[in-house]
Structure formats: C-alpha cells, structure tokens
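To be precise, the following lines are entry-v7.cif, and they hold mmCIF, C-alpha atoms and all ligand atoms.
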data_entry
#
loop_
_atom_site.label_atom_id
_atom_site.label_comp_id
_atom_site.auth_asym_id
_atom_site.auth_seq_id
_atom_site.Cartn_x
_atom_site.Cartn_y
_atom_site.Cartn_z
CA MET A 64 -17.79 -0.19 26.84
CA GLU A 65 -18.24 -2.30 23.73
CA VAL A 66 -15.17 -2.83 21.57
CA ILE A 67 -15.52 -4.31 18.09
CA VAL A 68 -12.36 -5.30 16.24
CA GLY A 69 -12.70 -5.58 12.46
CA LYS A 70 -12.21 -9.19 11.35
CA LEU A 71 -9.89 -8.08 8.57
CA ALA A 72 -7.76 -5.74 10.70
CA GLY A 73 -4.03 -6.28 10.35
CA PHE A 74 -1.53 -7.95 8.05
CA CYS A 75 -2.73 -8.75 4.55
CA PRO A 76 -1.37 -11.95 2.93
CA GLY A 77 1.37 -10.06 1.04
CA VAL A 78 2.69 -8.25 4.10
CA SER A 79 2.41 -11.31 6.31
CA ARG A 80 4.51 -13.32 3.86
CA ALA A 81 7.11 -10.53 3.52
CA VAL A 82 7.48 -9.96 7.27
CA ASN A 83 7.68 -13.68 8.13
CA LYS A 84 10.18 -14.36 5.39
CA ALA A 85 12.35 -11.34 6.31
CA LEU A 86 12.39 -12.37 9.98
CA GLU A 87 13.26 -15.94 9.03
CA ILE A 88 16.16 -14.79 6.83
CA SER A 89 17.41 -12.34 9.45
CA GLU A 90 17.71 -15.19 11.95
CA ASN A 91 20.01 -17.11 9.68
CA TYR A 92 22.12 -14.41 8.01
CA LYS A 93 23.89 -11.21 8.99
CA ASN A 94 24.20 -7.83 7.24
CA ILE A 95 21.02 -7.93 5.28
CA TYR A 96 19.82 -4.85 3.42
CA CYS A 97 16.25 -3.90 2.67
CA LEU A 98 15.66 -1.49 -0.18
CA GLY A 99 13.20 0.93 1.43
CA GLU A 100 11.13 0.01 4.48
CA LEU A 101 9.80 -3.55 4.16
CA VAL A 102 6.31 -2.40 5.14
CA HIS A 103 4.92 0.95 6.25
CA ASN A 104 5.02 0.20 9.94
CA LYS A 105 7.56 1.65 12.37
CA GLN A 106 7.38 -1.22 14.86
CA VAL A 107 7.95 -3.89 12.21
CA VAL A 108 10.87 -1.96 10.72
CA GLU A 109 12.43 -1.53 14.19
CA GLU A 110 12.11 -5.23 14.92
CA LEU A 111 13.86 -6.08 11.68
CA GLU A 112 16.59 -3.53 12.41
CA LYS A 113 17.20 -5.27 15.74
CA ASN A 114 17.78 -8.40 13.70
CA ASN A 115 20.42 -6.63 11.58
CA VAL A 116 18.20 -5.81 8.61
CA LYS A 117 19.40 -2.39 7.48
CA VAL A 118 17.04 -0.17 5.50
CA VAL A 119 18.69 1.76 2.65
CA ASP A 120 17.02 4.04 0.14
CA ASP A 121 19.59 3.71 -2.61
CA ILE A 122 20.73 0.37 -4.03
CA TYR A 123 24.22 1.83 -4.54
CA GLU A 124 24.60 2.07 -0.74
CA ILE A 125 24.58 -1.74 -0.60
CA PRO A 126 28.00 -3.40 -0.81
CA ASP A 127 28.40 -5.81 -3.75
CA ASN A 128 27.61 -9.47 -3.09
CA SER A 129 25.33 -8.65 -0.11
CA ILE A 130 21.85 -9.97 0.60
CA VAL A 131 19.09 -7.55 -0.38
CA ILE A 132 15.38 -7.75 0.32
CA PHE A 133 12.87 -6.26 -2.11
CA ARG A 134 9.74 -5.29 -0.24
CA ALA A 135 6.07 -6.20 -0.73
CA HIS A 136 5.36 -2.94 -2.65
CA GLY A 137 7.83 -3.96 -5.35
CA VAL A 138 10.79 -2.14 -6.86
CA LYS A 139 11.48 -0.50 -10.22
CA GLU A 140 12.30 -2.78 -13.15
CA SER A 141 15.68 -1.04 -13.47
CA ILE A 142 16.61 -2.11 -9.91
CA TYR A 143 16.69 -5.80 -10.91
CA LYS A 144 19.39 -5.05 -13.47
CA ILE A 145 21.51 -3.07 -10.98
CA ALA A 146 21.14 -5.87 -8.41
CA GLU A 147 22.46 -8.30 -11.00
CA GLU A 148 25.40 -6.06 -11.86
CA LYS A 149 26.26 -5.72 -8.18
CA LYS A 150 25.94 -9.49 -7.77
CA LEU A 151 23.48 -9.05 -4.95
CA ASN A 152 21.75 -12.06 -3.52
CA THR A 153 18.16 -10.92 -4.02
CA ILE A 154 15.27 -12.00 -1.82
CA ASP A 155 12.32 -10.68 -3.78
CA LEU A 156 9.33 -10.32 -1.46
CA THR A 157 7.23 -8.31 -3.92
CA CYS A 158 3.62 -9.32 -3.30
CA GLY A 159 2.29 -11.65 -5.98
CA LYS A 160 -0.58 -9.27 -6.71
CA VAL A 161 1.82 -6.37 -7.31
CA ARG A 162 3.93 -8.60 -9.52
CA ILE A 163 0.85 -9.39 -11.63
CA ILE A 164 0.38 -5.63 -12.24
CA HIS A 165 4.05 -5.32 -13.26
CA ASP A 166 3.58 -8.17 -15.75
CA LYS A 167 0.37 -6.65 -17.10
CA VAL A 168 1.79 -3.16 -17.70
CA LYS A 169 4.97 -4.63 -19.16
CA LYS A 170 2.82 -6.44 -21.72
CA GLU A 171 0.58 -3.42 -22.34
CA ARG A 172 3.38 -0.86 -22.72
CA GLU A 173 3.99 -2.05 -26.28
CA LYS A 174 0.47 -1.11 -27.38
CA SER A 175 -1.12 1.23 -24.82
CA PHE A 176 -0.70 4.54 -23.09
CA ILE A 177 -0.79 3.51 -19.42
CA ILE A 178 -2.49 5.47 -16.65
CA ILE A 179 -1.80 4.38 -13.08
CA VAL A 180 -4.39 5.70 -10.63
CA GLY A 181 -2.51 6.07 -7.37
CA GLU A 182 -0.26 8.22 -5.25
CA LYS A 183 2.74 9.55 -7.17
CA GLU A 184 5.13 9.27 -4.24
CA HIS A 185 4.04 5.81 -3.16
CA PRO A 186 6.75 3.17 -3.72
CA GLU A 187 4.27 0.84 -5.40
CA SER A 188 3.21 3.47 -7.95
CA ILE A 189 6.82 4.48 -8.55
CA ALA A 190 7.76 0.85 -9.28
CA THR A 191 4.69 0.22 -11.46
CA LYS A 192 5.36 3.38 -13.46
CA ASP A 193 8.88 2.19 -14.15
CA PHE A 194 7.51 -1.12 -15.48
CA ALA A 195 4.90 0.78 -17.53
CA GLY A 196 7.63 2.71 -19.35
CA GLU A 197 8.23 6.32 -20.33
CA ASP A 198 4.81 6.83 -21.90
CA SER A 199 2.81 6.34 -18.73
CA ILE A 200 1.55 8.59 -15.99
CA VAL A 201 0.41 8.33 -12.38
CA ILE A 202 -2.67 10.39 -11.54
CA PHE A 203 -4.33 10.83 -8.18
CA ASP A 204 -7.58 12.55 -9.10
CA GLU A 205 -9.80 13.85 -11.88
CA ASP A 206 -7.92 17.16 -12.08
CA GLU A 207 -4.85 15.34 -13.38
CA ILE A 208 -6.63 13.65 -16.29
CA ILE A 209 -5.79 16.70 -18.38
CA ASP A 210 -2.06 16.04 -17.81
CA ALA A 211 -2.61 12.44 -18.87
CA TYR A 212 -4.41 13.59 -22.00
CA LYS A 213 -1.62 16.02 -22.96
CA LYS A 214 0.97 13.28 -22.54
CA PHE A 215 -1.19 10.81 -24.47
CA GLU A 216 -1.53 13.27 -27.39
CA LYS A 217 2.24 13.42 -27.73
CA SER A 218 2.59 9.63 -27.59
CA LYS A 219 2.35 7.09 -30.45
CA TYR A 220 -0.63 5.27 -28.93
CA ASN A 221 -4.34 5.18 -29.75
CA ARG A 222 -5.40 2.99 -26.86
CA VAL A 223 -5.42 3.63 -23.10
CA TYR A 224 -4.90 1.07 -20.35
CA VAL A 225 -5.77 2.03 -16.77
CA VAL A 226 -4.64 0.25 -13.60
CA ALA A 227 -4.84 1.15 -9.93
CA GLN A 228 -2.40 1.14 -7.06
CA THR A 229 -3.45 -1.98 -5.10
CA THR A 230 -4.40 0.05 -2.03
CA PHE A 231 -6.38 2.77 -3.82
CA ASN A 232 -9.92 3.57 -2.69
CA LEU A 233 -12.31 1.49 -4.80
CA LYS A 234 -15.07 4.10 -5.13
CA ARG A 235 -12.59 6.79 -6.09
CA PHE A 236 -11.01 4.49 -8.68
CA GLN A 237 -14.44 3.87 -10.23
CA GLN A 238 -15.22 7.60 -10.33
CA ILE A 239 -11.83 8.52 -11.82
CA SER A 240 -12.13 5.68 -14.37
CA GLU A 241 -15.50 7.00 -15.55
CA GLU A 242 -13.99 10.43 -16.03
CA ILE A 243 -11.03 8.97 -17.93
CA LYS A 244 -13.43 7.12 -20.28
CA TYR A 245 -15.32 10.37 -20.84
CA ASN A 246 -12.17 12.37 -21.59
CA PHE A 247 -10.65 9.72 -23.87
CA CYS A 248 -13.97 8.92 -25.59
CA GLU A 249 -12.44 8.82 -29.07
CA VAL A 250 -10.11 5.91 -28.30
CA GLU A 251 -10.34 2.47 -26.74
CA VAL A 252 -9.98 2.63 -22.95
CA ILE A 253 -9.37 -0.55 -20.96
CA ILE A 254 -10.08 -0.21 -17.24
CA ASP A 255 -8.35 -2.89 -15.19
CA ASN A 256 -9.33 -2.79 -11.53
CA THR A 257 -6.10 -3.97 -9.90
CA ILE A 258 -7.12 -2.96 -6.38
CA CYS A 259 -6.24 -5.80 -4.07
CA ASP A 260 -9.29 -7.64 -2.75
CA ALA A 261 -7.68 -7.66 0.72
CA THR A 262 -7.73 -3.86 0.55
CA GLU A 263 -11.20 -3.75 -0.94
CA LYS A 264 -12.68 -6.01 1.74
CA ARG A 265 -10.97 -4.07 4.53
CA GLN A 266 -12.38 -0.81 3.15
CA ILE A 267 -15.90 -2.26 2.95
CA GLU A 268 -15.62 -3.57 6.51
CA THR A 269 -14.38 -0.16 7.72
CA GLU A 270 -17.24 1.61 6.00
CA LYS A 271 -19.77 -0.66 7.69
CA LEU A 272 -18.16 -0.56 11.13
CA SER A 273 -17.60 3.20 11.13
CA LYS A 274 -21.35 3.67 10.64
CA GLU A 275 -22.16 1.55 13.69
CA VAL A 276 -19.83 2.95 16.36
CA ASP A 277 -19.39 6.17 18.40
CA LYS A 278 -15.62 6.26 17.94
CA ILE A 279 -13.37 4.44 15.52
CA ILE A 280 -9.68 3.76 16.00
CA VAL A 281 -7.61 3.19 12.89
CA ILE A 282 -4.23 1.62 13.67
CA GLY A 283 -1.36 1.90 11.22
CA GLY A 284 1.63 3.89 10.04
CA LYS A 285 1.10 7.56 9.19
CA ASN A 286 2.92 6.81 5.92
CA SER A 287 0.73 3.79 5.11
CA ALA A 288 -1.51 4.57 2.13
CA ASN A 289 -4.02 1.84 2.90
CA THR A 290 -4.31 2.99 6.54
CA ARG A 291 -4.91 6.57 5.43
CA LYS A 292 -7.71 5.31 3.17
CA LEU A 293 -9.37 3.68 6.18
CA VAL A 294 -9.14 7.01 8.01
CA GLU A 295 -10.67 8.79 5.02
CA ILE A 296 -13.58 6.30 4.86
CA SER A 297 -14.12 6.46 8.64
CA ASN A 298 -14.18 10.27 8.61
CA LYS A 299 -17.15 10.17 6.25
CA ASN A 300 -19.23 8.04 8.61
CA CYS A 301 -18.08 8.63 12.16
CA ARG A 302 -17.61 11.87 14.08
CA GLU A 303 -14.66 10.66 16.17
CA VAL A 304 -11.85 9.00 14.27
CA TYR A 305 -8.39 8.38 15.77
CA HIS A 306 -5.48 7.40 13.55
CA ILE A 307 -2.94 5.90 15.91
CA GLN A 308 0.23 3.84 15.66
CA THR A 309 0.25 2.28 19.15
CA LYS A 310 -1.96 2.36 22.25
CA GLU A 311 0.23 5.18 23.66
CA ASP A 312 -1.40 7.54 21.15
CA LEU A 313 -4.72 7.08 22.96
CA LYS A 314 -3.48 8.41 26.30
CA ASN A 315 -5.24 11.75 25.93
CA VAL A 316 -8.47 10.40 24.48
CA GLU A 317 -11.44 10.21 26.81
CA PHE A 318 -13.72 7.20 26.60
CA ASP A 319 -17.13 6.74 28.11
CA SER A 320 -18.29 3.39 29.48
CA THR A 321 -21.36 3.62 27.25
CA ASN A 322 -19.23 4.07 24.13
CA LYS A 323 -19.25 1.61 21.29
CA ILE A 324 -15.72 1.60 19.84
CA GLY A 325 -14.56 0.17 16.54
CA ILE A 326 -10.98 -0.88 15.77
CA VAL A 327 -9.65 -1.35 12.27
CA ALA A 328 -6.05 -1.54 11.09
CA GLY A 329 -3.99 -1.19 7.94
CA ALA A 330 -2.35 -4.06 6.10
CA SER A 331 1.05 -3.46 7.74
CA THR A 332 -0.14 -3.44 11.35
CA PRO A 333 1.00 -6.43 13.43
CA ASN A 334 -1.67 -8.32 15.37
CA SER A 335 0.23 -7.72 18.62
CA ILE A 336 -0.38 -3.95 18.32
CA ILE A 337 -4.08 -4.45 17.56
CA LYS A 338 -4.41 -6.73 20.59
CA ASP A 339 -2.59 -4.16 22.77
CA VAL A 340 -5.10 -1.47 21.80
CA GLU A 341 -8.05 -3.78 22.34
CA ASN A 342 -6.77 -4.78 25.81
CA TYR A 343 -6.09 -1.14 26.70
CA LEU A 344 -9.72 -0.25 25.94
CA MET A 345 -11.16 -3.29 27.67
CA GLU A 346 -9.25 -2.45 30.85
CA MET A 347 -10.72 1.07 31.08
S1 LIG A 401 -2.55 -5.13 0.13
FE1 LIG A 401 -2.83 -6.81 -1.31
S2 LIG A 401 -1.42 -6.29 -2.98
FE2 LIG A 401 -0.77 -5.10 -1.23
S3 LIG A 401 0.78 -6.36 -0.22
FE3 LIG A 401 -1.20 -6.83 0.73
S4 LIG A 401 -1.97 -8.64 -0.37
FE4 LIG A 401 -0.36 -7.68 -1.61
#
Could you express the structure from this file as structure tokens?
Ligand code: SF4
Amino acid sequence: MEVIVGKLAGFCPGVSRAVNKALEISENYKNIYCLGELVHNKQVVEELEKNNVKVVDDIYEIPDNSIVIFRAHGVKESIYKIAEEKKLNTIDLTCGKVRIIHDKVKKEREKSFIIIVGEKEHPESIATKDFAGEDSIVIFDEDEIIDAYKKFEKSKYNRVYVVAQTTFNLKRFQQISEEIKYNFCEVEVIIDNTICDATEKRQIETEKLSKEVDKIIVIGGKNSANTRKLVEISNKNCREVYHIQTKEDLKNVEFDSTNKIGIVAGASTPNSIIKDVENYLMEM
C-alpha cells in the first residue's frame, strides 16, 4: 500500500503558536480559562483541560482577576472591554492574520457596508462581524446576497467592502465575490481576499492529492471549518473520502494492499495524530 501524507497537513502557524503558548502558560499557572475551545480539535482541548485550562463559553462565568486565553479565531471587540472591567489577565492568542482582518473592518466600518463571506456560526465570523459593526452581514452563499442588498439599502453607505473568513474555500469566495459585484454594480465594491494562505495552500494540495489517490483520509475535528472544506474538495475528486478524528475511526474501513492512500489534515490537527494514522496504515 502506498501512503502519501500531504506536506501541509496539520497545525497552521496561528494554531501552532496558540497551542504552544497555551501549554506553556498552563505549566506555570493554575485556574486558567479559555473563552471557547482554543482550537477545533477534541484531543488538543482535552490535553489543555488536563493542564487545568477550563473552557467556558461566557466571559461572565470567569471569576474576576483570573487568567483568560483568547483563542486563535479571535473574540468579539466587546469582549475586550468586558475583560478589562473584570480585571482579567488576558492572554490574547488571536492569530495575527485574523487580527489584521479585525483592524481592516474596523477602519472600513466608518465608510463601507461590510460583507463577510463565511459561516455565520463560526467563532471567527462572529468576532469579525462584531468588529465590522451593526451595518455588516455574514453570508455563506450567493442566495444570501439578496439579504445583504436589503440591509445595504437601509444603510447610510454607498460603498461595499467584502472580506472572507480566513478558512473559506478560495474558489467559492471568488464565485460569490463576482456575484456580489454584479448585484451591487451601481456602487463601488472592494473585494479583499482575506483567506489565509496557509488555508489556501492546504486546499490546493488537497485538490491535487485527492485526484491522485484511491482513498483520501481527512483528519480533523468535525466542527473544524477548514477540515470540512478539505472534505468538500476531496469529495469532488475522489470516490472514497474518510473524515476522521483519530485512527480509531478507521477500524471498519477496508484497505487493499494495492491502494494508494492520501492523508491530509486540518489546521488544528496535531502532528502526533497524523503520524498515528500513517503508522496504522503502514502496518496493515
Ligand atoms: S488558518 Fe491562517 S488565519 Fe487561521 S489560525 Fe491558521 S494561520 Fe491563522
């Protein structure tokens, strides 16, 4: 059996920094809180919990004066103010690339109606929308452009600024952007491709690899947007795609010694899990 592991599989720079920093802090301090899961990976979250990093969904659950970690996806602008009021010791691990988007939309919100192309429920989009202000909208596909247009019509703006969730599918962002330009043809539309190049490169690699193999294994959390994108891309090119979280999820999958297997992984998947899966296949 031939097993090919994508070169870009695993932690992206933002996640790697956040996980290493959180582990380092948890070794030196006790009773640390993380606002939402640090990254979308069960194993990483469990490891941090073992080190006394407690995940909470609401900042008001955190006792005043505690240590709080803000995750790589970023948090709402309003959360910084509450953290200050509660005198929390903030460790802000928001990825630099996400922070750049926050700064951009904060600057643009004075003069533009902001459209964020992303998943409405994703923590990154939720945070970015908060920075973008009231007159902004998150849309996921072309069907929602009409909602954006209705909201734009009621706003004071005559200019549109479009950004993407960093883990959004590049091709889809380009298609949706074209449609936005078409629908808002009477005003200036600025398209700012804020998709992270780590994501972009991983998607390109997945596309290529999924065309070359018999089966492709995508490792990552079921709640990880960037992992789900890799599954979506793989499904277009390969007949057998397995979205797994650990090697245990492959127990019922049959492999043939003549198979050529590809392995890719989302940005929040630790290298140890990727290696485990690779070893499991090599030992078959
Ligand atoms: S995918 Fe890119 S933007 Fe998102 S955390 Fe990783 S490096 Fe940062």
statement: Across A:Asp155, A:Ala190, A:Lys292, A:Gly196, the smallest distance to Ile267 in chain A, with all atoms listed in the file counted, is shown by A:Lys292
message: Let me see if you get this right: every residue at most 12 Å from ligand LIG 401 (chain A), counting only C-alpha atoms and all ligand atoms, written as an NGL selection string.
response: :A and (71-82 or 101-103 or 134-137 or 156-165 or 186-188 or 227-232 or 257-266 or 287-290 or 329-332)
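Relative to CA of Ala211 in chain A, CA of Lys244 in chain A is found at 12.1 Å.
Proximity of A:Lys213, A:Gly283, A:Lys150, A:Arg222 to Pro333 in chain A, computed with all atoms listed in the file, is greatest for A:Gly283.
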task: Show which residues sit within 8 Å of range 308-312 of chain A, as a VMD selection string. Count only C-alpha atoms, and ignore same-chain residues fewer than 3 positions away.
output: chain A and resid 282 to 285 315 336 339 to 340 343
For range 65-70 of chain A, work out the shell of residues within 7 Å, counting only C-alpha atoms and skipping chain neighbours fewer than 5 positions away, then give it as an mmCIF file with C-alpha atoms, in the frame of the given file.
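Result saved to selection-v4.cif:
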data_model
loop_
_atom_site.group_PDB
_atom_site.id
_atom_site.type_symbol
_atom_site.label_atom_id
_atom_site.label_comp_id
_atom_site.auth_asym_id
_atom_site.auth_seq_id
_atom_site.Cartn_x
_atom_site.Cartn_y
_atom_site.Cartn_z
ATOM 1 C CA GLU A 268 -15.620 -3.570 6.510
ATOM 2 C CA ASN A 322 -19.230 4.070 24.130
ATOM 3 C CA LYS A 323 -19.250 1.610 21.290
ATOM 4 C CA ILE A 324 -15.720 1.600 19.840
ATOM 5 C CA GLY A 325 -14.560 0.170 16.540
ATOM 6 C CA ILE A 326 -10.980 -0.880 15.770
ATOM 7 C CA VAL A 327 -9.650 -1.350 12.270
#
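For Ser218 in chain A, the non-local neighbours within 10 Å, defined as residues at least 5 positions apart in the same chain or in other chains and counting all atoms listed in the file, are Ser175, Phe176, Glu197, Asp198, Ser199, Tyr212 and Lys213 of chain A.
Put simply, CA of His306 in chain A is 14.3 Å away from CA of Lys105 in chain A.
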message: Here is a test: counting only C-alpha atoms, which residue of A:Glu100, A:Glu147, A:Glu216, A:Glu341 is nearest to Asn128 in chain A?
response: A:Glu147
- prompt: Just how far from CA of His185 in chain A is CA of Ala328 in chain A, in Å to one decimal?
  reply: 18.9 Å
Might I get the box with edges along x, y and z of the file that holds all atoms of range 327-330 of chain A listed there, padded by 8 Å on every side, given as centre and edge lengths in Å to one decimal, as JSON?
{"center_x": -6.0, "center_y": -2.6, "center_z": 9.2, "size_x": 23.3, "size_y": 18.9, "size_z": 22.2}
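Across A:Ile179, A:Val250, A:Val276, A:Val168, the tightest approach to Phe236 in chain A is made by A:Ile179 when counting all atoms listed in the file.
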- request: Return the single residue from A:Phe133, A:Lys149, A:Asn83, A:Ile307 that is closest to Asn286 in chain A, with distances computed using all atoms listed in the file.
  value: A:Ile307
message: So that I can see what lies close to range 114-122 of chain A, please list as a PyMOL selection string the residues with an atom at most 9 Å from it, counting all atoms listed in the file and leaving out residues fewer than 4 positions away in the same chain.
response: chain A and resi 85-86+89-90+92-101+108-110+126+131-132+142+145-146
message: Which residues are close to Ser240 in chain A, i.e. within 10 Å by only C-alpha atoms, leaving aside same-chain residues fewer than 6 positions away? Reply as a ChimeraX atom specification.
response: /A:178,180,204-205,208,225-227,234,246,252-256
statement: Restricting to all atoms listed in the file, whichever of A:Val223, A:Ile154, A:Ile130, A:Ile280 is closest to Ile177 in chain A is A:Val223
